[in-house]
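Asker: Pasting a structure below so you can have a look.
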Amino acid sequence: MSGAKLDPIDRKILAELQADGRMTNVELAKRVGISAPPCLRRVRTLEEAGYIRGYHADVDTRALGFEVQVFAMVGLQSQAEADLSAFEARCRAWPLVRECHMLNGEVDFILKCVAPDLSSFQSFLTEQLTAAENVASVKTSLVIRCAKDQPGVPFEVLEERLSRSA
């Protein structure tokens, strides 16, 4: 189901929760212009429909001691569906891998990894990632700094597009 099939109030609810998932239902209802009971029903419907996958805290990785962030570009020997799925399952099991995306082009997967220090990442790289079955190549890039880390989607862009097509 696309975002266009949601009504404007549903999209406002999603935008507000994306910005602050800890607000109370009463505050959320006030911000989107409806009363609390229908707001709560809408939130539950959005959760059940899969638009809201969960709630989490945005933690400061460096403050928690994870000083190293690395993007690893992984090439596989085989791109058969069973091999792709097996690699994805392996990535889900590795704690240092925080994101895993299959790509089109020269690289099969890009992994976002975090580690407390370079030595920990190097151990993961040499003992697990490059040693994993079906991994043909791994190229890594160490993150120096992050200029933008904005989760979610830009609802204002969606609203602008919908207003033009209406």
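Labeling convention for the structure tokens: chains A, B, ... as they appear, residues from 1 per chain, ligands from 1 in order of appearance.
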Going by DSSP on the backbone, which residues of chain A come out as helix (DSSP H, G or I)? List them as a VMD selection string.
Answerer: chain A and resid 3 to 5 8 to 19 25 to 32 36 to 48 81 to 93 118 to 129 155 to 165
Asker: Any idea what's packed within 9 Å of A:Val97, counting only C-alpha atoms, ignoring anything in its chain fewer than 5 positions away? Could you give it as a ChimeraX atom specification?
Answerer: /A:91-92,111-114
Asker: I want to know what sits within 12 Å of stretch 41-55 of chain A, based on only C-alpha atoms, with residues of the same chain fewer than 2 positions away left out; could you give that as JSON, numbers by chain?
Answerer: {"A": [1, 2, 3, 5, 6, 7, 8, 9, 10, 11, 12, 13, 14, 15, 16, 17, 18, 19, 20, 21, 22, 23, 24, 25, 28, 29, 32, 34, 35, 36, 37, 38, 39, 57, 58, 152, 153]}
Asker: Fewer than 5 positions away in the same chain doesn't count, so skip those; otherwise give me all residues within 8 Å of stretch 71-84 of chain A, counting only C-alpha atoms, as a list in words.
Answerer: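 Near stretch 71-84 of chain A, the qualifying residues are Glu106, Val107, Asp108, Phe109, Ile110, Leu111, Lys112, Cys113, Asn134, Val135, Ala136, Ser137, Val138, Lys139, Thr140, Ser141, Leu142 and Val143 of chain A.
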Asker: Return as a PyMOL selection string the full set of residues in stretch 64-124 of chain A whose backbone-based DSSP assignment is strand (DSSP E).
Answerer: chain A and resi 68-76+97-102+109-115
Asker: Could you tell me how far atom CA of A:Leu129 lies from atom CA of A:His56, in Å and to one decimal?
Answerer: 27.3 Å
Asker: Between atom CA of A:Phe155 and atom CA of A:Val70, what is the distance, to one decimal in Å?
Answerer: 28.8 Å
Asker: Could you check the closest approach to A:Phe66 for each of A:Met102, A:Leu40, A:Ala86, A:Ala115 and tell me which residue wins, using only C-alpha atoms?
Answerer: A:Ala115
